[in-house]
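So this block is my_file.json, JSON, C-alpha atoms:
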```
[["chain", "number", "residue", "atom", "x", "y", "z"],
["E", 1, "MET", "CA", 98.84, 99.46, 99.32],
["E", 2, "SER", "CA", 97.94, 103.01, 98.28],
["E", 3, "PRO", "CA", 96.89, 103.48, 94.63],
["E", 4, "ASN", "CA", 100.23, 104.94, 93.59],
["E", 5, "SER", "CA", 102.48, 102.48, 95.38],
["E", 6, "LEU", "CA", 102.91, 99.66, 92.86],
["E", 7, "PRO", "CA", 103.62, 101.94, 89.88],
["E", 8, "TRP", "CA", 106.07, 103.90, 92.02],
["E", 9, "LEU", "CA", 107.94, 100.71, 92.85],
["E", 10, "LEU", "CA", 108.43, 100.15, 89.16],
["E", 11, "LEU", "CA", 110.22, 103.51, 89.01],
["E", 12, "VAL", "CA", 112.95, 102.48, 91.45],
["E", 13, "PRO", "CA", 115.36, 101.60, 88.58],
["E", 14, "LEU", "CA", 114.89, 105.16, 87.25],
["E", 15, "PHE", "CA", 115.92, 106.64, 90.59],
["E", 16, "LEU", "CA", 118.87, 104.27, 90.84],
["E", 17, "HIS", "CA", 120.02, 105.40, 87.40],
["E", 18, "LEU", "CA", 119.63, 109.02, 88.48],
["E", 19, "ALA", "CA", 121.84, 108.29, 91.50],
["E", 20, "GLU", "CA", 124.51, 106.67, 89.35],
["E", 21, "ILE", "CA", 124.87, 109.65, 87.05],
["E", 22, "THR", "CA", 124.58, 112.41, 89.64],
["E", 23, "ALA", "CA", 126.50, 111.04, 92.66],
["E", 24, "LYS", "CA", 125.26, 109.68, 95.97],
["E", 25, "VAL", "CA", 121.86, 110.73, 97.32],
["E", 26, "PRO", "CA", 122.26, 111.56, 101.04],
["E", 27, "ALA", "CA", 118.56, 112.01, 101.78],
["E", 28, "ILE", "CA", 115.03, 111.74, 100.41],
["E", 29, "ILE", "CA", 112.85, 114.84, 100.88],
["E", 30, "ILE", "CA", 109.13, 114.34, 100.24],
["E", 31, "PHE", "CA", 106.16, 116.63, 99.61],
["E", 32, "GLY", "CA", 102.62, 115.64, 98.66],
["E", 33, "ASP", "CA", 99.43, 113.86, 99.65],
["E", 34, "SER", "CA", 98.35, 110.40, 100.88],
["E", 35, "SER", "CA", 100.45, 108.66, 98.24],
["E", 36, "VAL", "CA", 103.55, 109.71, 100.19],
["E", 37, "ASP", "CA", 102.34, 110.82, 103.67],
["E", 38, "THR", "CA", 104.25, 108.71, 106.21],
["E", 39, "GLY", "CA", 102.21, 109.88, 109.19],
["E", 40, "ASN", "CA", 102.06, 113.67, 109.43],
["E", 41, "ASN", "CA", 98.27, 113.66, 109.61],
["E", 42, "ASN", "CA", 98.47, 111.77, 112.90],
["E", 43, "TYR", "CA", 99.58, 115.03, 114.49],
["E", 44, "ILE", "CA", 97.01, 117.48, 113.16],
["E", 45, "PRO", "CA", 93.27, 117.78, 113.85],
["E", 46, "THR", "CA", 91.79, 116.07, 110.79],
["E", 47, "ILE", "CA", 89.66, 113.03, 110.03],
["E", 48, "ALA", "CA", 92.02, 112.17, 107.17],
["E", 49, "ARG", "CA", 94.03, 109.66, 109.17],
["E", 50, "SER", "CA", 95.06, 106.05, 108.75],
["E", 51, "ASN", "CA", 96.29, 105.34, 112.26],
["E", 52, "PHE", "CA", 93.99, 102.36, 112.73],
["E", 53, "LYS", "CA", 93.81, 98.79, 111.47],
["E", 54, "PRO", "CA", 93.84, 97.24, 108.92],
["E", 55, "TYR", "CA", 96.32, 99.95, 107.83],
["E", 56, "GLY", "CA", 99.83, 98.81, 108.61],
["E", 57, "ARG", "CA", 99.02, 95.10, 108.76],
["E", 58, "ASP", "CA", 102.16, 94.33, 106.71],
["E", 59, "PHE", "CA", 104.32, 97.00, 108.34],
["E", 60, "ILE", "CA", 107.02, 96.09, 110.85],
["E", 61, "GLY", "CA", 105.12, 94.90, 113.91],
["E", 62, "GLY", "CA", 101.82, 94.95, 112.05],
["E", 63, "GLN", "CA", 100.88, 98.37, 113.40],
["E", 64, "PRO", "CA", 99.31, 101.34, 111.59],
["E", 65, "THR", "CA", 101.72, 104.25, 111.17],
["E", 66, "GLY", "CA", 99.61, 106.89, 109.46],
["E", 67, "ARG", "CA", 100.60, 105.61, 106.02],
["E", 68, "PHE", "CA", 97.58, 105.05, 103.78],
["E", 69, "CYS", "CA", 98.93, 101.63, 102.96],
["E", 70, "ASN", "CA", 99.08, 98.06, 104.23],
["E", 71, "GLY", "CA", 102.84, 98.41, 104.77],
["E", 72, "ARG", "CA", 105.59, 100.68, 103.55],
["E", 73, "LEU", "CA", 104.99, 103.33, 100.92],
["E", 74, "ALA", "CA", 106.85, 103.39, 97.63],
["E", 75, "THR", "CA", 108.99, 106.26, 98.90],
["E", 76, "ASP", "CA", 110.15, 104.03, 101.76],
["E", 77, "PHE", "CA", 111.28, 101.43, 99.24],
["E", 78, "ILE", "CA", 112.99, 104.13, 97.19],
["E", 79, "SER", "CA", 114.85, 105.33, 100.28],
["E", 80, "GLU", "CA", 116.04, 101.78, 100.96],
["E", 81, "ALA", "CA", 117.08, 101.38, 97.32],
["E", 82, "PHE", "CA", 119.46, 104.31, 97.75],
["E", 83, "GLY", "CA", 121.03, 102.70, 100.81],
["E", 84, "LEU", "CA", 119.15, 105.02, 103.16],
["E", 85, "PRO", "CA", 116.84, 103.97, 106.04],
["E", 86, "PRO", "CA", 113.99, 101.65, 104.95],
["E", 87, "THR", "CA", 111.35, 104.07, 106.21],
["E", 88, "VAL", "CA", 111.14, 107.85, 105.80],
["E", 89, "PRO", "CA", 109.98, 109.60, 108.98],
["E", 90, "ALA", "CA", 107.15, 112.12, 109.10],
["E", 91, "TYR", "CA", 108.37, 115.60, 110.02],
["E", 92, "LEU", "CA", 105.67, 116.10, 112.67],
["E", 93, "ASP", "CA", 106.39, 112.80, 114.43],
["E", 94, "PRO", "CA", 107.95, 113.82, 117.78],
["E", 95, "THR", "CA", 109.82, 110.53, 118.11],
["E", 96, "TYR", "CA", 112.22, 111.68, 115.38],
["E", 97, "GLY", "CA", 114.73, 114.51, 115.31],
["E", 98, "ILE", "CA", 117.13, 116.24, 112.95],
["E", 99, "LYS", "CA", 119.59, 113.33, 113.09],
["E", 100, "ASP", "CA", 116.88, 111.13, 111.51],
["E", 101, "PHE", "CA", 115.60, 113.81, 109.14],
["E", 102, "ALA", "CA", 119.10, 114.40, 107.77],
["E", 103, "ALA", "CA", 118.74, 111.06, 105.93],
["E", 104, "GLY", "CA", 115.11, 111.50, 104.88],
["E", 105, "VAL", "CA", 112.07, 113.53, 105.81],
["E", 106, "CYS", "CA", 108.44, 113.64, 104.74],
["E", 107, "PHE", "CA", 106.32, 116.80, 104.81],
["E", 108, "ALA", "CA", 103.36, 115.28, 102.92],
["E", 109, "SER", "CA", 99.79, 115.38, 104.18],
["E", 110, "ALA", "CA", 97.00, 113.07, 103.05],
["E", 111, "GLY", "CA", 94.17, 115.04, 101.45],
["E", 112, "SER", "CA", 96.38, 117.89, 100.34],
["E", 113, "GLY", "CA", 96.89, 119.29, 96.86],
["E", 114, "TYR", "CA", 98.52, 122.12, 94.96],
["E", 115, "ASP", "CA", 95.50, 124.34, 95.68],
["E", 116, "ASN", "CA", 95.15, 125.72, 99.24],
["E", 117, "ALA", "CA", 91.39, 125.22, 98.95],
["E", 118, "THR", "CA", 91.94, 121.49, 98.57],
["E", 119, "SER", "CA", 93.64, 121.17, 101.94],
["E", 120, "ASP", "CA", 90.75, 123.12, 103.51],
["E", 121, "VAL", "CA", 88.28, 120.36, 102.60],
["E", 122, "LEU", "CA", 89.66, 117.96, 105.22],
["E", 123, "SER", "CA", 91.65, 120.48, 107.28],
["E", 124, "VAL", "CA", 95.04, 119.05, 106.32],
["E", 125, "ILE", "CA", 98.45, 120.61, 105.71],
["E", 126, "PRO", "CA", 98.46, 122.84, 102.60],
["E", 127, "LEU", "CA", 101.41, 122.83, 100.23],
["E", 128, "TRP", "CA", 102.54, 126.28, 101.39],
["E", 129, "LYS", "CA", 102.79, 124.92, 104.95],
["E", 130, "GLU", "CA", 104.74, 121.89, 103.73],
["E", 131, "LEU", "CA", 107.15, 124.39, 102.18],
["E", 132, "GLU", "CA", 107.29, 126.33, 105.44],
["E", 133, "TYR", "CA", 108.14, 123.14, 107.35],
["E", 134, "PHE", "CA", 110.84, 122.42, 104.76],
["E", 135, "LYS", "CA", 112.45, 125.82, 105.29],
["E", 136, "GLU", "CA", 112.33, 125.22, 109.04],
["E", 137, "PHE", "CA", 114.03, 121.87, 108.45],
["E", 138, "CYS", "CA", 116.74, 123.60, 106.36],
["E", 139, "GLY", "CA", 117.56, 125.82, 109.31],
["E", 140, "LYS", "CA", 117.76, 122.84, 111.66],
["E", 141, "LEU", "CA", 119.93, 120.94, 109.17],
["E", 142, "LYS", "CA", 122.41, 123.82, 108.96],
["E", 143, "ALA", "CA", 122.63, 123.96, 112.74],
["E", 144, "TYR", "CA", 123.20, 120.19, 112.86],
["E", 145, "GLN", "CA", 125.59, 119.68, 109.93],
["E", 146, "GLY", "CA", 127.10, 123.12, 109.51],
["E", 147, "GLU", "CA", 126.41, 125.50, 106.63],
["E", 148, "ALA", "CA", 128.63, 123.88, 104.00],
["E", 149, "LYS", "CA", 127.66, 120.28, 104.73],
["E", 150, "ALA", "CA", 123.96, 121.13, 104.91],
["E", 151, "GLN", "CA", 124.08, 122.94, 101.58],
["E", 152, "GLN", "CA", 125.70, 119.86, 100.06],
["E", 153, "THR", "CA", 123.01, 117.62, 101.56],
["E", 154, "LEU", "CA", 120.23, 119.84, 100.21],
["E", 155, "ARG", "CA", 121.87, 120.01, 96.79],
["E", 156, "GLU", "CA", 122.42, 116.25, 96.43],
["E", 157, "SER", "CA", 119.20, 114.97, 98.01],
["E", 158, "LEU", "CA", 116.36, 113.56, 95.93],
["E", 159, "TYR", "CA", 113.16, 115.59, 96.21],
["E", 160, "ILE", "CA", 109.92, 113.72, 95.51],
["E", 161, "ILE", "CA", 106.66, 115.57, 94.87],
["E", 162, "SER", "CA", 103.43, 113.59, 94.54],
["E", 163, "LEU", "CA", 100.04, 115.31, 94.57],
["E", 164, "GLY", "CA", 97.28, 116.71, 92.37],
["E", 165, "THR", "CA", 94.55, 114.07, 92.38],
["E", 166, "ASN", "CA", 92.77, 115.59, 95.39],
["E", 167, "ASP", "CA", 92.60, 118.96, 93.65],
["E", 168, "PHE", "CA", 90.13, 117.44, 91.22],
["E", 169, "LEU", "CA", 88.36, 114.64, 93.10],
["E", 170, "GLU", "CA", 88.10, 116.27, 96.54],
["E", 171, "ASN", "CA", 87.83, 119.86, 95.40],
["E", 172, "TYR", "CA", 87.02, 120.83, 91.82],
["E", 173, "TYR", "CA", 84.38, 118.16, 91.18],
["E", 174, "THR", "CA", 83.08, 117.98, 94.74],
["E", 175, "VAL", "CA", 82.82, 121.34, 96.53],
["E", 176, "PRO", "CA", 79.60, 123.20, 95.58],
["E", 177, "GLY", "CA", 80.20, 126.81, 94.57],
["E", 178, "GLY", "CA", 83.96, 126.29, 94.72],
["E", 179, "ARG", "CA", 86.65, 126.03, 92.08],
["E", 180, "GLY", "CA", 84.29, 124.29, 89.67],
["E", 181, "SER", "CA", 82.19, 127.45, 89.47],
["E", 182, "GLN", "CA", 85.21, 129.74, 89.22],
["E", 183, "TYR", "CA", 87.22, 128.00, 86.51],
["E", 184, "THR", "CA", 86.75, 125.78, 83.51],
["E", 185, "VAL", "CA", 88.67, 122.55, 84.03],
["E", 186, "GLU", "CA", 91.35, 123.75, 81.59],
["E", 187, "GLU", "CA", 91.70, 127.01, 83.51],
["E", 188, "TYR", "CA", 91.94, 125.13, 86.78],
["E", 189, "GLN", "CA", 94.67, 122.91, 85.36],
["E", 190, "ASP", "CA", 96.62, 126.04, 84.42],
["E", 191, "PHE", "CA", 96.00, 127.49, 87.88],
["E", 192, "LEU", "CA", 97.51, 124.36, 89.47],
["E", 193, "ILE", "CA", 100.46, 124.37, 87.06],
["E", 194, "GLY", "CA", 101.19, 127.95, 88.10],
["E", 195, "ILE", "CA", 101.29, 126.87, 91.76],
["E", 196, "ALA", "CA", 103.52, 123.92, 90.88],
["E", 197, "GLU", "CA", 105.94, 126.23, 89.08],
["E", 198, "GLY", "CA", 106.13, 128.61, 92.03],
["E", 199, "PHE", "CA", 106.74, 125.70, 94.40],
["E", 200, "LEU", "CA", 109.51, 124.19, 92.28],
["E", 201, "ARG", "CA", 111.24, 127.55, 92.01],
["E", 202, "GLU", "CA", 111.03, 127.96, 95.78],
["E", 203, "ILE", "CA", 112.70, 124.64, 96.61],
["E", 204, "TYR", "CA", 115.29, 125.34, 93.90],
["E", 205, "GLN", "CA", 116.20, 128.55, 95.72],
["E", 206, "SER", "CA", 116.64, 126.48, 98.89],
["E", 207, "GLY", "CA", 119.09, 124.15, 97.16],
["E", 208, "ALA", "CA", 117.05, 121.45, 95.41],
["E", 209, "ARG", "CA", 118.75, 120.15, 92.27],
["E", 210, "LYS", "CA", 117.43, 116.58, 91.85],
["E", 211, "VAL", "CA", 113.66, 116.59, 91.72],
["E", 212, "ASP", "CA", 111.06, 113.99, 90.81],
["E", 213, "VAL", "CA", 107.57, 115.30, 90.03],
["E", 214, "THR", "CA", 104.90, 112.61, 89.83],
["E", 215, "GLY", "CA", 101.94, 113.04, 87.52],
["E", 216, "ILE", "CA", 98.33, 112.17, 88.28],
["E", 217, "LEU", "CA", 97.23, 108.57, 87.83],
["E", 218, "PRO", "CA", 94.06, 107.75, 85.80],
["E", 219, "MET", "CA", 91.86, 109.00, 88.63],
["E", 220, "GLY", "CA", 88.68, 107.87, 86.92],
["E", 221, "CYS", "CA", 89.78, 104.29, 87.59],
["E", 222, "LEU", "CA", 90.17, 104.67, 91.34],
["E", 223, "PRO", "CA", 87.79, 102.37, 93.27],
["E", 224, "LEU", "CA", 85.51, 105.14, 94.58],
["E", 225, "GLU", "CA", 85.11, 106.66, 91.14],
["E", 226, "ARG", "CA", 84.31, 103.28, 89.59],
["E", 227, "VAL", "CA", 81.75, 102.45, 92.26],
["E", 228, "THR", "CA", 79.98, 105.78, 91.79],
["E", 229, "SER", "CA", 80.35, 105.81, 88.02],
["E", 230, "PRO", "CA", 77.09, 105.93, 86.00],
["E", 231, "THR", "CA", 78.61, 103.20, 83.82],
["E", 232, "MET", "CA", 78.31, 100.63, 86.63],
["E", 233, "GLY", "CA", 81.91, 100.00, 87.64],
["E", 234, "ALA", "CA", 83.71, 101.17, 84.54],
["E", 235, "CYS", "CA", 86.38, 103.87, 84.73],
["E", 236, "ASN", "CA", 85.22, 107.48, 84.49],
["E", 237, "GLU", "CA", 86.91, 108.38, 81.22],
["E", 238, "LEU", "CA", 86.18, 112.10, 81.64],
["E", 239, "TYR", "CA", 88.28, 112.15, 84.80],
["E", 240, "ASN", "CA", 90.99, 110.13, 83.08],
["E", 241, "LYS", "CA", 91.14, 112.66, 80.24],
["E", 242, "VAL", "CA", 91.45, 115.50, 82.74],
["E", 243, "ALA", "CA", 94.36, 113.69, 84.42],
["E", 244, "TRP", "CA", 96.04, 113.03, 81.07],
["E", 245, "ASN", "CA", 95.77, 116.68, 80.02],
["E", 246, "PHE", "CA", 97.05, 117.90, 83.37],
["E", 247, "ASN", "CA", 100.03, 115.56, 83.10],
["E", 248, "SER", "CA", 100.82, 116.91, 79.64],
["E", 249, "LYS", "CA", 100.90, 120.45, 81.03],
["E", 250, "LEU", "CA", 103.04, 119.30, 83.94],
["E", 251, "GLN", "CA", 105.56, 117.78, 81.54],
["E", 252, "CYS", "CA", 105.72, 121.05, 79.60],
["E", 253, "LEU", "CA", 106.42, 122.90, 82.85],
["E", 254, "ILE", "CA", 109.22, 120.46, 83.73],
["E", 255, "LYS", "CA", 110.82, 120.91, 80.31],
["E", 256, "LYS", "CA", 110.62, 124.68, 80.72],
["E", 257, "LEU", "CA", 112.22, 124.68, 84.18],
["E", 258, "ASN", "CA", 114.98, 122.28, 83.15],
["E", 259, "GLY", "CA", 115.87, 124.82, 80.49],
["E", 260, "GLU", "CA", 115.70, 127.85, 82.77],
["E", 261, "LEU", "CA", 117.10, 126.74, 86.14],
["E", 262, "HIS", "CA", 120.85, 126.24, 86.14],
["E", 263, "GLY", "CA", 122.09, 122.86, 87.36],
["E", 264, "VAL", "CA", 118.69, 121.35, 88.06],
["E", 265, "THR", "CA", 117.46, 117.93, 86.96],
["E", 266, "ILE", "CA", 113.69, 117.58, 87.20],
["E", 267, "VAL", "CA", 112.25, 114.26, 86.07],
["E", 268, "TYR", "CA", 108.63, 113.40, 85.43],
["E", 269, "SER", "CA", 107.28, 110.12, 86.82],
["E", 270, "ASP", "CA", 104.52, 108.72, 84.64],
["E", 271, "VAL", "CA", 102.24, 106.77, 86.98],
["E", 272, "TYR", "CA", 99.33, 107.21, 84.56],
["E", 273, "GLN", "CA", 100.40, 104.64, 82.00],
["E", 274, "LEU", "CA", 101.85, 102.30, 84.59],
["E", 275, "PHE", "CA", 98.63, 102.30, 86.58],
["E", 276, "LEU", "CA", 96.60, 101.55, 83.45],
["E", 277, "ASP", "CA", 99.01, 98.74, 82.61],
["E", 278, "VAL", "CA", 98.48, 97.22, 86.06],
["E", 279, "LEU", "CA", 94.70, 97.42, 85.61],
["E", 280, "GLN", "CA", 94.76, 95.89, 82.16],
["E", 281, "LYS", "CA", 97.38, 93.20, 82.85],
["E", 282, "PRO", "CA", 97.18, 92.47, 86.59],
["E", 283, "LEU", "CA", 98.70, 89.01, 86.40],
["E", 284, "THR", "CA", 101.86, 90.49, 84.90],
["E", 285, "TYR", "CA", 102.37, 92.18, 88.26],
["E", 286, "GLU", "CA", 101.11, 89.18, 90.26],
["E", 287, "ILE", "CA", 98.07, 91.17, 91.37],
["E", 288, "LYS", "CA", 95.32, 89.06, 92.90],
["E", 289, "ARG", "CA", 91.85, 90.02, 94.02],
["E", 290, "TRP", "CA", 90.29, 88.96, 97.30],
["E", 291, "THR", "CA", 86.96, 87.43, 98.24],
["E", 292, "LYS", "CA", 85.73, 87.06, 101.81],
["E", 293, "SER", "CA", 85.20, 83.34, 101.40],
["E", 294, "SER", "CA", 88.24, 82.18, 99.52],
["E", 295, "GLY", "CA", 90.94, 84.77, 100.08],
["E", 296, "PRO", "CA", 93.23, 85.68, 97.17],
["E", 297, "VAL", "CA", 92.21, 84.47, 93.74],
["E", 298, "LYS", "CA", 93.53, 85.21, 90.30],
["E", 299, "SER", "CA", 92.10, 88.28, 88.60]]
```
Just give me the structure of the file as structure tokens.
Amino acid sequence: MSPNSLPWLLLVPLFLHLAEITAKVPAIIIFGDSSVDTGNNNYIPTIARSNFKPYGRDFIGGQPTGRFCNGRLATDFISEAFGLPPTVPAYLDPTYGIKDFAAGVCFASAGSGYDNATSDVLSVIPLWKELEYFKEFCGKLKAYQGEAKAQQTLRESLYIISLGTNDFLENYYTVPGGRGSQYTVEEYQDFLIGIAEGFLREIYQSGARKVDVTGILPMGCLPLERVTSPTMGACNELYNKVAWNFNSKLQCLIKKLNGELHGVTIVYSDVYQLFLDVLQKPLTYEIKRWTKSSGPVKS
């Protein structure tokens, strides 16, 4: 399961509540990175792919799909929770068409971020291109459903946006002579928030009214960061602080846009605290660790 998946599953009741108070959700529309990419990277020239085993071992048929996960992603479960198909198709997958996408579509690309320079690191789909694909989809939807019906679909759909971690871990703190030499970390956070604001305003203009924006998890506790940490396996608390501060700025942006954009409901999904809770109390979530010799054992 991808790092974000379990905390996201815990947010399903929030989305169900949102559906109850704002009418039926006809589709799920997804933007972001590997936490929500359902296979778009399979169709672009990048090494950032998960179309090989053991990915997909718990998926239907036990086959890898391009999801960075052992099975379905949290967004797939969310789609099912709304009474929509149990899997959300990737926009670039040629086996799907507008009939499928009208009930859910994913534009996300593993390795991407808010910053265009982040997508350049692994040659993946930048956020501006995800937006371009979305606008292309809007045109196809109008041709398929008719102008009025398509506008209703776009207005009542749930938009999920999940990205930001790669901007720091794959870009700011990694690329020599890159963003880390151009900005202080606080300036870079503000730079990303500016991009996020522009993106949210763009999808609003295209009809989005129900939007979930997911914050960054405590990225200093991700496995790679713990393995390479100078504190021998402990979380990198500097990275965690950066994530916390970025999330605070993201929440301020959401509050601002909810006050400025007529008829919009933008909610913030706090995966930071949920992820920490899972780490600190794994048995509460029935999390078990594995050993090669004995299989699953209690944490």
Distance query Tyr204 of chain E at most 9 Å, only C-alpha atoms, self and fewer than 4 positions along chain excluded, as a VMD selection string = chain E and resid 155 199 to 200 208 to 209 261 264
Which one is closest to Gly207 of chain E: E:Ile29, E:Ala90, E:Val278, E:Ala143? Count all atoms listed in the file.
-> E:Ile29
Could you work out how far atom CA of Val36 of chain E lies from atom CA of Val227 of chain E, giving the answer in Å with one decimal?
->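 Value for the atom CA of Val227 of chain E-atom CA of Val36 of chain E distance: 24.3 Å.
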Pick out the closest residue to Glu186 of chain E from this set: E:Met232, E:Leu217, E:Ile203, E:Val242. Count only C-alpha atoms.
->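 The shortest atom-to-atom distance to Glu186 of chain E comes from E:Val242.
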How many Å separate atom CA of Ile160 of chain E from atom CA of Tyr43 of chain E?
->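 Here the two named atoms are 21.7 Å from each other.
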Have a look at atom CA of Gly215 of chain E and atom CA of Val88 of chain E and let me know their distance in Å, one decimal.
->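 So the two atoms, atom CA of Gly215 of chain E and atom CA of Val88 of chain E, lie 21.1 Å apart.
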Would you list the residues near (107.6, 113.6, 111.2) (no more than 12 Å away, in the coordinates of the file, using all atoms listed in the file) as an mmCIF file with C-alpha atoms, in the coordinates of the input?
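Printed below is result-v9.cif as written:
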```cif
data_model
loop_
_atom_site.group_PDB
_atom_site.id
_atom_site.type_symbol
_atom_site.label_atom_id
_atom_site.label_comp_id
_atom_site.auth_asym_id
_atom_site.auth_seq_id
_atom_site.Cartn_x
_atom_site.Cartn_y
_atom_site.Cartn_z
ATOM 1 C CA ILE E 29 112.850 114.840 100.880
ATOM 2 C CA ILE E 30 109.130 114.340 100.240
ATOM 3 C CA ASP E 37 102.340 110.820 103.670
ATOM 4 C CA THR E 38 104.250 108.710 106.210
ATOM 5 C CA GLY E 39 102.210 109.880 109.190
ATOM 6 C CA ASN E 40 102.060 113.670 109.430
ATOM 7 C CA ASN E 41 98.270 113.660 109.610
ATOM 8 C CA ASN E 42 98.470 111.770 112.900
ATOM 9 C CA TYR E 43 99.580 115.030 114.490
ATOM 10 C CA ILE E 44 97.010 117.480 113.160
ATOM 11 C CA THR E 65 101.720 104.250 111.170
ATOM 12 C CA GLY E 66 99.610 106.890 109.460
ATOM 13 C CA ARG E 67 100.600 105.610 106.020
ATOM 14 C CA THR E 87 111.350 104.070 106.210
ATOM 15 C CA VAL E 88 111.140 107.850 105.800
ATOM 16 C CA PRO E 89 109.980 109.600 108.980
ATOM 17 C CA ALA E 90 107.150 112.120 109.100
ATOM 18 C CA TYR E 91 108.370 115.600 110.020
ATOM 19 C CA LEU E 92 105.670 116.100 112.670
ATOM 20 C CA ASP E 93 106.390 112.800 114.430
ATOM 21 C CA PRO E 94 107.950 113.820 117.780
ATOM 22 C CA THR E 95 109.820 110.530 118.110
ATOM 23 C CA TYR E 96 112.220 111.680 115.380
ATOM 24 C CA GLY E 97 114.730 114.510 115.310
ATOM 25 C CA ILE E 98 117.130 116.240 112.950
ATOM 26 C CA ASP E 100 116.880 111.130 111.510
ATOM 27 C CA PHE E 101 115.600 113.810 109.140
ATOM 28 C CA GLY E 104 115.110 111.500 104.880
ATOM 29 C CA VAL E 105 112.070 113.530 105.810
ATOM 30 C CA CYS E 106 108.440 113.640 104.740
ATOM 31 C CA PHE E 107 106.320 116.800 104.810
ATOM 32 C CA ALA E 108 103.360 115.280 102.920
ATOM 33 C CA SER E 109 99.790 115.380 104.180
ATOM 34 C CA GLU E 130 104.740 121.890 103.730
ATOM 35 C CA TYR E 133 108.140 123.140 107.350
ATOM 36 C CA PHE E 134 110.840 122.420 104.760
ATOM 37 C CA PHE E 137 114.030 121.870 108.450
#
```
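The protein and nucleic acid residues lying at most 9 Å from Ala102 of chain E are Pro26, Ala27, Ile28, Gly97, Ile98, Leu141, Tyr144, Gln145, Ala150 and Thr153 of chain E, with all atoms listed in the file considered and sequence neighbours fewer than 4 positions away removed.
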Smallest atom-to-atom distance to Gly194 of chain E: which of E:Ile78, E:Ala117, E:Phe59, E:Leu253, using all atoms listed in the file?
->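 Ranking E:Ile78, E:Ala117, E:Phe59, E:Leu253 by distance to Gly194 of chain E, first place goes to E:Leu253.
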Which residue gives the smallest distance to Asn236 of chain E among E:Glu260, E:Gln280, E:Leu169, E:Ser112, with all atoms listed in the file counted?
->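 The answer is E:Leu169, which sits nearest to Asn236 of chain E.
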Could you give me the axis-aligned bounding box of segment 190-208 of chain E, with 3 Å of padding per side, as centre plus edge lengths in Å to one decimal, as AutoDock Vina command-line options?
```
--center_x 107.5 --center_y 125.0 --center_z 91.7 --size_x 29.1 --size_y 13.2 --size_z 20.5
```
Distance query Ala110 of chain E at most 8 Å, all atoms listed in the file, self and fewer than 6 positions along chain excluded, as a count of residues only = 10
